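*Asks:* This is my_file_3.cif (mmCIF, C-alpha atoms and all ligand atoms).
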```
data_input
loop_
_atom_site.group_PDB
_atom_site.id
_atom_site.type_symbol
_atom_site.label_atom_id
_atom_site.label_comp_id
_atom_site.auth_asym_id
_atom_site.auth_seq_id
_atom_site.Cartn_x
_atom_site.Cartn_y
_atom_site.Cartn_z
ATOM 1 C CA MET A 1149 7.901 -14.564 27.843
ATOM 2 C CA PRO A 1150 9.195 -12.784 24.707
ATOM 3 C CA GLN A 1151 11.910 -10.243 25.413
ATOM 4 C CA PHE A 1152 9.977 -7.234 24.126
ATOM 5 C CA MET A 1153 6.353 -6.818 24.874
ATOM 6 C CA ILE A 1154 4.169 -3.724 25.114
ATOM 7 C CA VAL A 1155 0.805 -3.545 26.847
ATOM 8 C CA ILE A 1156 -1.667 -1.085 25.341
ATOM 9 C CA GLY A 1157 -4.756 -0.173 27.332
ATOM 10 C CA GLY A 1158 -8.078 0.897 25.842
ATOM 11 C CA THR A 1159 -10.599 3.115 27.614
ATOM 12 C CA SER A 1160 -12.564 0.244 29.190
ATOM 13 C CA SER A 1161 -9.550 -1.342 30.898
ATOM 14 C CA LYS A 1162 -6.985 1.298 31.872
ATOM 15 C CA MET A 1163 -6.362 0.058 35.418
ATOM 16 C CA LEU A 1164 -6.217 -3.605 34.476
ATOM 17 C CA ALA A 1165 -3.874 -2.909 31.547
ATOM 18 C CA GLN A 1166 -1.503 -0.979 33.828
ATOM 19 C CA ASP A 1167 -1.599 -3.772 36.434
ATOM 20 C CA LEU A 1168 -0.856 -6.283 33.683
ATOM 21 C CA ALA A 1169 2.127 -4.305 32.372
ATOM 22 C CA LYS A 1170 3.505 -4.225 35.941
ATOM 23 C CA GLU A 1171 2.993 -7.983 36.343
ATOM 24 C CA LEU A 1172 4.743 -8.655 33.027
ATOM 25 C CA GLY A 1173 7.446 -6.060 33.712
ATOM 26 C CA CYS A 1174 6.942 -4.371 30.363
ATOM 27 C CA LYS A 1175 6.131 -0.983 28.879
ATOM 28 C CA TYR A 1176 2.608 0.430 29.095
ATOM 29 C CA ILE A 1177 1.012 2.720 26.533
ATOM 30 C CA GLN A 1178 -2.423 4.261 26.864
ATOM 31 C CA ALA A 1179 -4.130 4.386 23.462
ATOM 32 C CA HIS A 1180 -5.410 7.807 22.495
ATOM 33 C CA VAL A 1181 -9.144 7.448 21.906
ATOM 34 C CA SER A 1182 -11.607 10.188 21.081
ATOM 35 C CA ARG A 1183 -14.925 10.617 19.321
ATOM 36 C CA PHE A 1184 -15.759 12.534 16.165
ATOM 37 C CA PRO A 1185 -18.762 14.899 16.461
ATOM 38 C CA ASP A 1186 -20.962 12.206 14.873
ATOM 39 C CA GLY A 1187 -19.927 9.678 17.527
ATOM 40 C CA GLU A 1188 -17.476 7.628 15.432
ATOM 41 C CA CYS A 1189 -14.427 6.369 17.262
ATOM 42 C CA TYR A 1190 -10.896 7.669 16.575
ATOM 43 C CA VAL A 1191 -7.910 5.634 17.785
ATOM 44 C CA ARG A 1192 -4.217 6.457 17.669
ATOM 45 C CA ILE A 1193 -1.288 4.722 19.326
ATOM 46 C CA GLU A 1194 1.244 7.491 19.684
ATOM 47 C CA GLU A 1195 4.479 5.604 18.911
ATOM 48 C CA GLU A 1196 6.824 5.870 15.925
ATOM 49 C CA ASN A 1197 7.113 2.146 15.235
ATOM 50 C CA ILE A 1198 6.338 -1.015 17.139
ATOM 51 C CA ASP A 1199 8.323 -4.114 16.323
ATOM 52 C CA ASP A 1200 7.487 -5.934 19.525
ATOM 53 C CA GLU A 1201 4.709 -8.207 20.579
ATOM 54 C CA VAL A 1202 1.708 -6.164 21.575
ATOM 55 C CA VAL A 1203 -0.926 -6.998 24.192
ATOM 56 C CA ILE A 1204 -4.124 -4.986 23.796
ATOM 57 C CA VAL A 1205 -6.459 -4.854 26.796
ATOM 58 C CA GLN A 1206 -9.971 -3.730 25.982
ATOM 59 C CA ASN A 1207 -13.479 -5.058 26.537
ATOM 60 C CA SER A 1208 -15.842 -5.878 23.701
ATOM 61 C CA HIS A 1209 -18.849 -4.707 25.702
ATOM 62 C CA PRO A 1210 -20.800 -2.456 25.280
ATOM 63 C CA ASP A 1211 -20.752 -2.313 21.471
ATOM 64 C CA TYR A 1212 -18.753 0.947 21.276
ATOM 65 C CA ASN A 1213 -15.907 -0.785 23.162
ATOM 66 C CA LEU A 1214 -15.811 -3.521 20.525
ATOM 67 C CA VAL A 1215 -15.240 -0.940 17.778
ATOM 68 C CA GLU A 1216 -12.462 0.607 19.866
ATOM 69 C CA LEU A 1217 -10.854 -2.814 20.315
ATOM 70 C CA LEU A 1218 -10.897 -3.537 16.565
ATOM 71 C CA LEU A 1219 -9.403 -0.122 15.763
ATOM 72 C CA MET A 1220 -6.692 -0.595 18.411
ATOM 73 C CA GLN A 1221 -5.728 -3.949 16.896
ATOM 74 C CA ASP A 1222 -5.464 -2.376 13.447
ATOM 75 C CA ALA A 1223 -3.471 0.597 14.763
ATOM 76 C CA ALA A 1224 -0.948 -1.800 16.364
ATOM 77 C CA VAL A 1225 -0.623 -3.836 13.148
ATOM 78 C CA GLY A 1226 -0.213 -0.583 11.182
ATOM 79 C CA LEU A 1227 2.763 0.373 13.395
ATOM 80 C CA GLY A 1228 4.424 -2.953 12.660
ATOM 81 C CA ALA A 1229 3.546 -5.055 15.733
ATOM 82 C CA ARG A 1230 4.944 -8.558 15.325
ATOM 83 C CA LYS A 1231 2.094 -10.299 17.054
ATOM 84 C CA VAL A 1232 -1.094 -8.933 18.584
ATOM 85 C CA THR A 1233 -2.624 -10.569 21.650
ATOM 86 C CA SER A 1234 -6.107 -9.352 22.491
ATOM 87 C CA VAL A 1235 -7.030 -9.505 26.162
ATOM 88 C CA VAL A 1236 -10.793 -9.080 26.323
ATOM 89 C CA PRO A 1237 -11.499 -9.259 30.074
ATOM 90 C CA TYR A 1238 -15.290 -9.257 29.672
ATOM 91 C CA PHE A 1239 -16.351 -10.906 26.447
ATOM 92 C CA GLY A 1240 -19.830 -9.656 25.581
ATOM 93 C CA TYR A 1241 -22.359 -11.756 23.656
ATOM 94 C CA ALA A 1242 -20.927 -14.963 25.189
ATOM 95 C CA ARG A 1243 -24.419 -16.052 26.236
ATOM 96 C CA GLN A 1244 -25.570 -16.315 22.603
ATOM 97 C CA ASP A 1245 -23.374 -19.284 21.618
ATOM 98 C CA GLU A 1246 -26.215 -21.042 19.806
ATOM 99 C CA ARG A 1247 -29.096 -20.182 17.572
ATOM 100 C CA PHE A 1248 -31.609 -20.928 20.327
ATOM 101 C CA LYS A 1249 -34.522 -19.960 18.070
ATOM 102 C CA LYS A 1250 -34.736 -20.131 14.307
ATOM 103 C CA GLY A 1251 -33.649 -16.865 12.702
ATOM 104 C CA GLU A 1252 -31.394 -15.711 15.566
ATOM 105 C CA ALA A 1253 -27.834 -14.475 15.056
ATOM 106 C CA LEU A 1254 -24.989 -16.633 16.383
ATOM 107 C CA SER A 1255 -23.665 -13.539 18.158
ATOM 108 C CA ALA A 1256 -20.708 -15.059 20.047
ATOM 109 C CA LYS A 1257 -19.240 -16.486 16.819
ATOM 110 C CA VAL A 1258 -19.607 -13.162 15.007
ATOM 111 C CA MET A 1259 -17.642 -11.468 17.818
ATOM 112 C CA VAL A 1260 -14.862 -14.086 17.703
ATOM 113 C CA LYS A 1261 -14.556 -13.762 13.921
ATOM 114 C CA LEU A 1262 -14.208 -9.982 14.195
ATOM 115 C CA MET A 1263 -11.590 -10.208 16.942
ATOM 116 C CA GLU A 1264 -9.357 -12.619 15.048
ATOM 117 C CA LEU A 1265 -9.077 -10.291 12.029
ATOM 118 C CA SER A 1266 -5.886 -8.675 13.365
ATOM 119 C CA SER A 1267 -5.072 -10.798 16.384
ATOM 120 C CA LYS A 1268 -3.164 -14.066 16.740
ATOM 121 C CA ARG A 1269 -3.861 -14.745 20.399
ATOM 122 C CA PHE A 1270 -6.933 -14.204 22.500
ATOM 123 C CA VAL A 1271 -7.294 -14.140 26.298
ATOM 124 C CA THR A 1272 -10.519 -13.689 28.187
ATOM 125 C CA VAL A 1273 -11.616 -14.116 31.818
ATOM 126 C CA ASP A 1274 -14.386 -16.439 33.045
ATOM 127 C CA VAL A 1275 -16.094 -16.400 29.681
ATOM 128 C CA HIS A 1276 -19.722 -17.424 30.107
ATOM 129 C CA LYS A 1277 -19.486 -20.303 27.586
ATOM 130 C CA PRO A 1278 -15.849 -21.488 27.176
ATOM 131 C CA ILE A 1279 -16.812 -23.423 24.042
ATOM 132 C CA ILE A 1280 -16.702 -20.196 22.055
ATOM 133 C CA LEU A 1281 -12.893 -20.101 22.394
ATOM 134 C CA ASP A 1282 -12.748 -23.087 20.027
ATOM 135 C CA TRP A 1283 -13.956 -20.790 17.235
ATOM 136 C CA PHE A 1284 -10.854 -18.590 17.510
ATOM 137 C CA ARG A 1285 -8.297 -19.611 14.866
ATOM 138 C CA GLY A 1286 -5.187 -18.719 16.932
ATOM 139 C CA ASP A 1287 -4.388 -19.568 20.553
ATOM 140 C CA ALA A 1288 -7.202 -18.801 22.949
ATOM 141 C CA TYR A 1289 -7.221 -18.942 26.758
ATOM 142 C CA ASP A 1290 -9.923 -18.476 29.329
ATOM 143 C CA VAL A 1291 -8.395 -17.301 32.590
ATOM 144 C CA HIS A 1292 -10.087 -18.087 35.914
ATOM 145 C CA ALA A 1293 -10.600 -15.193 38.316
ATOM 146 C CA ALA A 1294 -11.168 -17.561 41.271
ATOM 147 C CA PRO A 1295 -7.532 -17.622 42.558
ATOM 148 C CA CYS A 1296 -7.481 -13.789 42.720
ATOM 149 C CA ILE A 1297 -10.918 -13.694 44.388
ATOM 150 C CA GLY A 1298 -9.804 -16.333 46.915
ATOM 151 C CA GLU A 1299 -6.585 -14.422 47.739
ATOM 152 C CA PHE A 1300 -8.606 -11.241 48.284
ATOM 153 C CA PHE A 1301 -10.890 -12.910 50.851
ATOM 154 C CA LYS A 1302 -8.173 -14.856 52.695
ATOM 155 C CA GLY A 1303 -8.238 -13.879 56.365
ATOM 156 C CA HIS A 1304 -11.593 -12.049 56.018
ATOM 157 C CA GLY A 1305 -13.483 -14.588 58.172
ATOM 158 C CA VAL A 1306 -15.496 -16.228 55.382
ATOM 159 C CA ASP A 1307 -16.937 -19.546 56.673
ATOM 160 C CA LEU A 1308 -19.017 -20.623 53.705
ATOM 161 C CA VAL A 1309 -18.604 -20.009 49.966
ATOM 162 C CA LEU A 1310 -21.770 -20.427 47.922
ATOM 163 C CA ALA A 1311 -22.490 -20.765 44.228
ATOM 164 C CA PRO A 1312 -25.917 -19.426 43.205
ATOM 165 C CA ASP A 1313 -26.579 -22.664 41.310
ATOM 166 C CA GLU A 1314 -24.943 -26.025 40.600
ATOM 167 C CA GLY A 1315 -23.472 -24.781 37.296
ATOM 168 C CA ALA A 1316 -21.380 -22.210 39.179
ATOM 169 C CA LEU A 1317 -20.123 -24.685 41.802
ATOM 170 C CA GLN A 1318 -16.692 -25.277 40.269
ATOM 171 C CA ARG A 1319 -15.830 -21.562 40.492
ATOM 172 C CA ALA A 1320 -17.063 -21.378 44.101
ATOM 173 C CA ASN A 1321 -15.017 -24.477 44.951
ATOM 174 C CA GLU A 1322 -11.863 -22.889 43.527
ATOM 175 C CA VAL A 1323 -12.449 -19.785 45.673
ATOM 176 C CA ALA A 1324 -13.241 -21.853 48.804
ATOM 177 C CA ARG A 1325 -10.054 -23.901 48.383
ATOM 178 C CA VAL A 1326 -7.883 -20.772 48.394
ATOM 179 C CA ILE A 1327 -9.705 -19.314 51.425
ATOM 180 C CA GLY A 1328 -9.911 -22.633 53.268
ATOM 181 C CA ALA A 1329 -13.701 -22.409 53.756
ATOM 182 C CA GLU A 1330 -16.656 -24.773 53.281
ATOM 183 C CA CYS A 1331 -18.413 -24.732 49.916
ATOM 184 C CA ASP A 1332 -21.895 -25.496 48.647
ATOM 185 C CA ASN A 1333 -24.368 -24.403 46.015
ATOM 186 C CA LEU A 1334 -27.782 -22.892 46.469
ATOM 187 C CA GLU A 1335 -30.711 -24.894 45.278
ATOM 188 C CA LYS A 1336 -34.113 -23.632 44.239
ATOM 189 C CA THR A 1337 -37.120 -25.604 45.459
ATOM 190 C CA ARG A 1338 -40.540 -24.588 44.176
ATOM 191 C CA LEU A 1339 -42.900 -24.746 47.161
ATOM 192 C CA SER A 1340 -45.933 -23.546 45.210
ATOM 193 C CA GLY A 1341 -46.796 -21.691 41.997
ATOM 194 C CA GLU A 1342 -45.470 -18.428 43.449
ATOM 195 C CA VAL A 1343 -43.153 -19.455 46.276
ATOM 196 C CA VAL A 1344 -39.567 -20.510 45.581
ATOM 197 C CA ARG A 1345 -37.183 -21.445 48.390
ATOM 198 C CA MET A 1346 -33.467 -20.958 47.782
ATOM 199 C CA ALA A 1347 -31.145 -22.652 50.278
ATOM 200 C CA PRO A 1348 -27.681 -24.217 50.452
ATOM 201 C CA LYS A 1349 -27.993 -27.788 49.193
ATOM 202 C CA ASN A 1350 -26.004 -29.559 51.927
ATOM 203 C CA VAL A 1351 -24.706 -27.054 54.479
ATOM 204 C CA ASP A 1352 -26.493 -25.064 57.218
ATOM 205 C CA ALA A 1353 -25.901 -21.308 56.754
ATOM 206 C CA LYS A 1354 -26.938 -20.412 60.313
ATOM 207 C CA ASP A 1355 -24.403 -18.117 62.059
ATOM 208 C CA LYS A 1356 -22.034 -18.333 59.081
ATOM 209 C CA ASN A 1357 -20.282 -15.539 57.218
ATOM 210 C CA ALA A 1358 -21.363 -16.415 53.680
ATOM 211 C CA LEU A 1359 -19.731 -15.378 50.429
ATOM 212 C CA ILE A 1360 -21.774 -15.792 47.229
ATOM 213 C CA VAL A 1361 -19.608 -16.101 44.092
ATOM 214 C CA ASP A 1362 -20.980 -15.684 40.556
ATOM 215 C CA ASP A 1363 -19.453 -14.967 37.148
ATOM 216 C CA ILE A 1364 -21.754 -12.075 36.251
ATOM 217 C CA ILE A 1365 -23.914 -9.707 38.258
ATOM 218 C CA SER A 1366 -26.210 -7.936 35.847
ATOM 219 C CA THR A 1367 -29.562 -6.862 37.323
ATOM 220 C CA GLY A 1368 -28.548 -8.322 40.688
ATOM 221 C CA GLY A 1369 -31.750 -10.395 40.839
ATOM 222 C CA THR A 1370 -29.923 -13.703 41.360
ATOM 223 C CA ILE A 1371 -27.753 -12.432 44.226
ATOM 224 C CA GLU A 1372 -30.624 -10.481 45.810
ATOM 225 C CA ALA A 1373 -32.797 -13.605 46.004
ATOM 226 C CA ALA A 1374 -29.903 -15.673 47.382
ATOM 227 C CA ALA A 1375 -28.839 -13.067 49.965
ATOM 228 C CA ASN A 1376 -32.383 -12.572 51.263
ATOM 229 C CA GLN A 1377 -32.836 -16.315 51.723
ATOM 230 C CA LEU A 1378 -29.490 -16.690 53.492
ATOM 231 C CA LYS A 1379 -30.489 -13.951 55.932
ATOM 232 C CA VAL A 1380 -33.803 -15.761 56.578
ATOM 233 C CA GLN A 1381 -31.787 -18.893 57.359
ATOM 234 C CA GLY A 1382 -29.759 -17.005 59.949
ATOM 235 C CA ALA A 1383 -26.493 -16.289 58.116
ATOM 236 C CA LYS A 1384 -24.385 -13.891 60.192
ATOM 237 C CA SER A 1385 -23.318 -11.888 57.137
ATOM 238 C CA VAL A 1386 -23.677 -12.130 53.371
ATOM 239 C CA THR A 1387 -21.066 -10.798 50.963
ATOM 240 C CA ALA A 1388 -21.386 -11.015 47.183
ATOM 241 C CA VAL A 1389 -18.558 -11.137 44.676
ATOM 242 C CA CYS A 1390 -18.518 -11.604 40.928
ATOM 243 C CA THR A 1391 -15.992 -11.618 38.143
ATOM 244 C CA HIS A 1392 -17.896 -9.263 35.834
ATOM 245 C CA GLY A 1393 -19.795 -6.479 37.576
ATOM 246 C CA LEU A 1394 -22.206 -5.147 34.975
ATOM 247 C CA PHE A 1395 -24.554 -3.769 37.666
ATOM 248 C CA THR A 1396 -27.376 -2.715 35.366
ATOM 249 C CA LYS A 1397 -30.586 -1.050 36.607
ATOM 250 C CA ASN A 1398 -29.182 0.276 39.938
ATOM 251 C CA ALA A 1399 -28.156 -3.251 40.891
ATOM 252 C CA LEU A 1400 -25.391 -2.048 43.181
ATOM 253 C CA ASP A 1401 -27.748 0.138 45.254
ATOM 254 C CA ARG A 1402 -30.231 -2.705 45.562
ATOM 255 C CA LEU A 1403 -27.560 -5.234 46.530
ATOM 256 C CA ARG A 1404 -26.147 -2.944 49.205
ATOM 257 C CA LYS A 1405 -29.530 -3.200 50.950
ATOM 258 C CA CYS A 1406 -29.445 -7.000 51.199
ATOM 259 C CA CYS A 1407 -25.689 -7.738 51.338
ATOM 260 C CA ASN A 1408 -23.096 -6.610 53.857
ATOM 261 C CA ALA A 1409 -20.659 -5.920 51.027
ATOM 262 C CA VAL A 1410 -20.416 -6.309 47.240
ATOM 263 C CA TYR A 1411 -17.210 -6.672 45.224
ATOM 264 C CA SER A 1412 -16.144 -7.467 41.689
ATOM 265 C CA THR A 1413 -12.915 -8.001 39.809
ATOM 266 C CA ASN A 1414 -11.588 -5.311 37.486
ATOM 267 C CA THR A 1415 -12.630 -7.005 34.216
ATOM 268 C CA ILE A 1416 -15.244 -4.251 34.181
ATOM 269 C CA GLU A 1417 -14.017 -1.157 35.986
ATOM 270 C CA ASN A 1418 -16.564 0.180 38.469
ATOM 271 C CA GLU A 1419 -16.693 1.519 42.030
ATOM 272 C CA VAL A 1420 -16.358 -1.957 43.618
ATOM 273 C CA SER A 1421 -13.872 -3.519 41.164
ATOM 274 C CA VAL A 1422 -11.123 -3.870 43.756
ATOM 275 C CA ILE A 1423 -9.891 -7.363 42.850
ATOM 276 C CA SER A 1424 -7.320 -7.358 40.062
ATOM 277 C CA VAL A 1425 -7.191 -10.329 37.712
ATOM 278 C CA ALA A 1426 -3.873 -9.141 36.250
ATOM 279 C CA PRO A 1427 -1.801 -11.897 37.972
ATOM 280 C CA GLN A 1428 -3.861 -14.644 36.309
ATOM 281 C CA ILE A 1429 -3.827 -12.953 32.882
ATOM 282 C CA ALA A 1430 -0.044 -12.475 33.162
ATOM 283 C CA LYS A 1431 0.341 -16.200 33.889
ATOM 284 C CA ALA A 1432 -1.588 -17.086 30.722
ATOM 285 C CA ILE A 1433 0.464 -14.681 28.606
ATOM 286 C CA ARG A 1434 3.783 -15.927 29.983
HETATM 287 C C1 LIG A 1501 -26.258 -16.794 34.794
HETATM 288 O O1 LIG A 1501 -26.122 -17.756 34.064
HETATM 289 C C2 LIG A 1501 -25.091 -16.036 35.306
HETATM 290 O O2 LIG A 1501 -24.117 -16.909 35.826
HETATM 291 C C3 LIG A 1501 -25.506 -15.020 36.363
HETATM 292 O O3 LIG A 1501 -26.027 -15.717 37.488
HETATM 293 C C4 LIG A 1501 -26.534 -14.069 35.828
HETATM 294 O O4 LIG A 1501 -26.093 -13.484 34.634
HETATM 295 C C5 LIG A 1501 -26.818 -12.994 36.852
HETATM 296 O O5 LIG A 1501 -27.774 -12.128 36.334
HETATM 297 P P1 LIG A 1501 -28.593 -11.156 37.277
HETATM 298 O O6 LIG A 1501 -27.629 -10.351 38.080
HETATM 299 O O7 LIG A 1501 -29.380 -10.315 36.308
HETATM 300 O O8 LIG A 1501 -29.483 -11.993 38.140
#
```
Go ahead and render the structure in this file as structure tokens.
*Replies:*
Amino acid sequence: MPQFMIVIGGTSSKMLAQDLAKELGCKYIQAHVSRFPDGECYVRIEEENIDDEVVIVQNSHPDYNLVELLLMQDAAVGLGARKVTSVVPYFGYARQDERFKKGEALSAKVMVKLMELSSKRFVTVDVHKPIILDWFRGDAYDVHAAPCIGEFFKGHGVDLVLAPDEGALQRANEVARVIGAECDNLEKTRLSGEVVRMAPKNVDAKDKNALIVDDIISTGGTIEAAANQLKVQGAKSVTAVCTHGLFTKNALDRLRKCCNAVYSTNTIENEVSVISVAPQIAKAIR
């Protein structure tokens, strides 16, 4: 690790930035951010000069956070920062990594191009499509939240870790390994035009304490369907955890009705973001 490093937190990621500074054993500065009456963003880093390496922690989602991130990068460069690392814990627009239909924007690439304007190194967490890191001109790392999630659930009596689909199985496996639990993925079987059955592919969930692990919870529809089916199959308890808790459309309230507990990491700070990914980010930066 370089001798002098400063972590600067933006408004989306204050807790995570402070955790990260502690992990790295370096100085923490909270960026001053306010809004002009017309809604434009104003950013100031209240330091005389910075001749160290700077780590900025700020999400790019929703859009107003992206503007804040870009202004923070420029403010750090303006103060003389030697090298700017941008930690973007939740990278928005990562699902649009292709022009799926003619005439669409290649949104993920646009975001990467903006972020590399004043930044030499880029770190994100469980990015939805890791391929987008290849578009970043400097060094880019995607950190896995699974070791932190696994540590959090160690000793909590989880018997079975489940991925909501086969694509998410690797993450669930990583979590299960740390906990020392069984692992499987849920599989959808269409029984008729309207009826879909969702069940663990290989393992019986009966009388098990199940933990469903996903990268994103947005509307909560995926987890709700999975949790309801696991209860039908006799699971003793169902807990849901995700890396990025977007929880749109009252998702958290709905999930509390079908799950025994819901948690997320602190890539997006919310009322259940109790799992810090700072140790994994610090490892990548070191
Ligand atoms: C899908 O590819 C993702 O991994 C999540 O499963 C999805 O984004 C969850 O969305 P929702 O909470 O709206 O079901």
*Asks:* Taking all atoms listed in the file and a cut-off of 12 Å, can you tell me which residues surround ligand LIG 1501 (chain A), written as JSON, numbers by chain?
*Replies:* {"A": [1240, 1241, 1242, 1243, 1244, 1274, 1275, 1276, 1277, 1311, 1312, 1313, 1314, 1315, 1316, 1317, 1319, 1320, 1334, 1360, 1361, 1362, 1363, 1364, 1365, 1366, 1367, 1368, 1369, 1370, 1371, 1372, 1373, 1374, 1375, 1388, 1389, 1390, 1391, 1392, 1393, 1394, 1395, 1396, 1397, 1398, 1399, 1400, 1402, 1403]}
*Asks:* Using all atoms listed in the file, which residue out of A:Ala1426, A:Leu1265, A:Val1203, A:Ile1416 lies closest to Lys1170 of chain A?
*Replies:*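 For Lys1170 of chain A, the nearest of the candidates is A:Ala1426.
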*Asks:* Give me the box for segment 1246-1253 of chain A as JSON, namely the centre and edge lengths in Å to one decimal of a box along x, y and z that holds every listed atom plus 4 Å on each side.
*Replies:*
```
{"center_x": -30.5, "center_y": -17.8, "center_z": 16.5, "size_x": 16.5, "size_y": 14.6, "size_z": 15.6}
```
*Asks:* Evaluate the PyMOL selection byres (((chain A and resi 1330) around 7) and not hetatm) and record the selected residues as a count of residues only, following the chain and residue labels used in the document.
*Replies:* 6
*Asks:* Set the distance at 8 Å and use all atoms listed in the file: which residues neighbour segment 1280-1290 of chain A once local chain neighbours fewer than 3 positions away are removed? I'd like the list as number ranges by chain.
*Replies:* A: 1242, 1245, 1256-1257, 1260-1261, 1264, 1267-1275, 1277, 1432
*Asks:* Looking at A:Glu1246, A:His1292, A:Leu1262, A:Ser1234, which one is nearest to Glu1322 of chain A, with distances taken over all atoms listed in the file?
*Replies:*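 The closest residue to Glu1322 of chain A is A:His1292.
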*Asks:* Run the PyMOL selection byres (((chain A and resi 1410) around 7) and not hetatm) against the file shown and list the residues it catches, as a list in words.
*Replies:* Thr1387, Ala1388, Val1389, Arg1404, Cys1407, Ala1409, Tyr1411 and Val1420 of chain A
*Asks:* Which residue out of A:Asn1418, A:Ala1165, A:Gln1206, A:Gly1328 has the minimum interatomic distance to Val1181 of chain A when only C-alpha atoms are used?
*Replies:* A:Gln1206
*Asks:* Assuming the chain letters and numbering stay as they are in my file, what does the PyMOL selection byres (((chain A and resi 1169) around 9) and not hetatm) actually select? List them as an MDAnalysis selection string.
*Replies:* chainID A and resid 1153:1156 1164:1168 1170:1176 1426 1430
*Asks:* Return segment 1416-1421 of chain A, completed with all heavy atoms, as a PDB file, in the coordinates of the input.
*Replies:*
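As written to disk, out.pdb reads:
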```pdb
ATOM      1  N   ILE A1416     -14.451  -5.435  34.518  1.00  0.00           N
ATOM      2  CA  ILE A1416     -15.244  -4.251  34.181  1.00  0.00           C
ATOM      3  C   ILE A1416     -14.949  -3.262  35.301  1.00  0.00           C
ATOM      4  O   ILE A1416     -15.153  -3.584  36.472  1.00  0.00           O
ATOM      5  CB  ILE A1416     -16.754  -4.575  34.122  1.00  0.00           C
ATOM      6  CG1 ILE A1416     -17.037  -5.575  32.997  1.00  0.00           C
ATOM      7  CG2 ILE A1416     -17.579  -3.301  33.930  1.00  0.00           C
ATOM      8  CD1 ILE A1416     -18.457  -6.097  32.963  1.00  0.00           C
ATOM      9  N   GLU A1417     -14.437  -2.094  34.938  1.00  0.00           N
ATOM     10  CA  GLU A1417     -14.017  -1.157  35.986  1.00  0.00           C
ATOM     11  C   GLU A1417     -15.231  -0.395  36.513  1.00  0.00           C
ATOM     12  O   GLU A1417     -15.985   0.193  35.751  1.00  0.00           O
ATOM     13  CB  GLU A1417     -12.921  -0.242  35.433  1.00  0.00           C
ATOM     14  CG  GLU A1417     -11.670  -1.080  35.151  1.00  0.00           C
ATOM     15  CD  GLU A1417     -10.494  -0.345  34.538  1.00  0.00           C
ATOM     16  OE1 GLU A1417     -10.597   0.873  34.303  1.00  0.00           O
ATOM     17  OE2 GLU A1417      -9.472  -1.012  34.280  1.00  0.00           O
ATOM     18  N   ASN A1418     -15.439  -0.498  37.825  1.00  0.00           N
ATOM     19  CA  ASN A1418     -16.564   0.180  38.469  1.00  0.00           C
ATOM     20  C   ASN A1418     -16.163   0.493  39.909  1.00  0.00           C
ATOM     21  O   ASN A1418     -15.040   0.198  40.315  1.00  0.00           O
ATOM     22  CB  ASN A1418     -17.819  -0.713  38.400  1.00  0.00           C
ATOM     23  CG  ASN A1418     -17.581  -2.054  39.066  1.00  0.00           C
ATOM     24  OD1 ASN A1418     -17.262  -2.135  40.251  1.00  0.00           O
ATOM     25  ND2 ASN A1418     -17.702  -3.137  38.315  1.00  0.00           N
ATOM     26  N   GLU A1419     -17.088   1.059  40.688  1.00  0.00           N
ATOM     27  CA  GLU A1419     -16.693   1.519  42.030  1.00  0.00           C
ATOM     28  C   GLU A1419     -16.374   0.401  43.020  1.00  0.00           C
ATOM     29  O   GLU A1419     -15.820   0.668  44.087  1.00  0.00           O
ATOM     30  CB  GLU A1419     -17.746   2.473  42.620  1.00  0.00           C
ATOM     31  CG  GLU A1419     -19.125   1.853  42.749  1.00  0.00           C
ATOM     32  CD  GLU A1419     -20.172   2.851  43.209  1.00  0.00           C
ATOM     33  OE1 GLU A1419     -20.148   3.208  44.390  1.00  0.00           O
ATOM     34  OE2 GLU A1419     -21.009   3.231  42.369  1.00  0.00           O
ATOM     35  N   VAL A1420     -16.699  -0.857  42.694  1.00  0.00           N
ATOM     36  CA  VAL A1420     -16.358  -1.957  43.618  1.00  0.00           C
ATOM     37  C   VAL A1420     -15.376  -2.964  42.984  1.00  0.00           C
ATOM     38  O   VAL A1420     -15.195  -4.065  43.506  1.00  0.00           O
ATOM     39  CB  VAL A1420     -17.627  -2.695  44.126  1.00  0.00           C
ATOM     40  CG1 VAL A1420     -18.493  -1.771  44.964  1.00  0.00           C
ATOM     41  CG2 VAL A1420     -18.434  -3.294  42.981  1.00  0.00           C
ATOM     42  N   SER A1421     -14.759  -2.559  41.870  1.00  0.00           N
ATOM     43  CA  SER A1421     -13.872  -3.519  41.164  1.00  0.00           C
ATOM     44  C   SER A1421     -12.472  -3.494  41.769  1.00  0.00           C
ATOM     45  O   SER A1421     -11.510  -3.064  41.135  1.00  0.00           O
ATOM     46  CB  SER A1421     -13.836  -3.210  39.666  1.00  0.00           C
ATOM     47  OG  SER A1421     -13.408  -1.889  39.443  1.00  0.00           O
TER      48      SER A1421
END
```
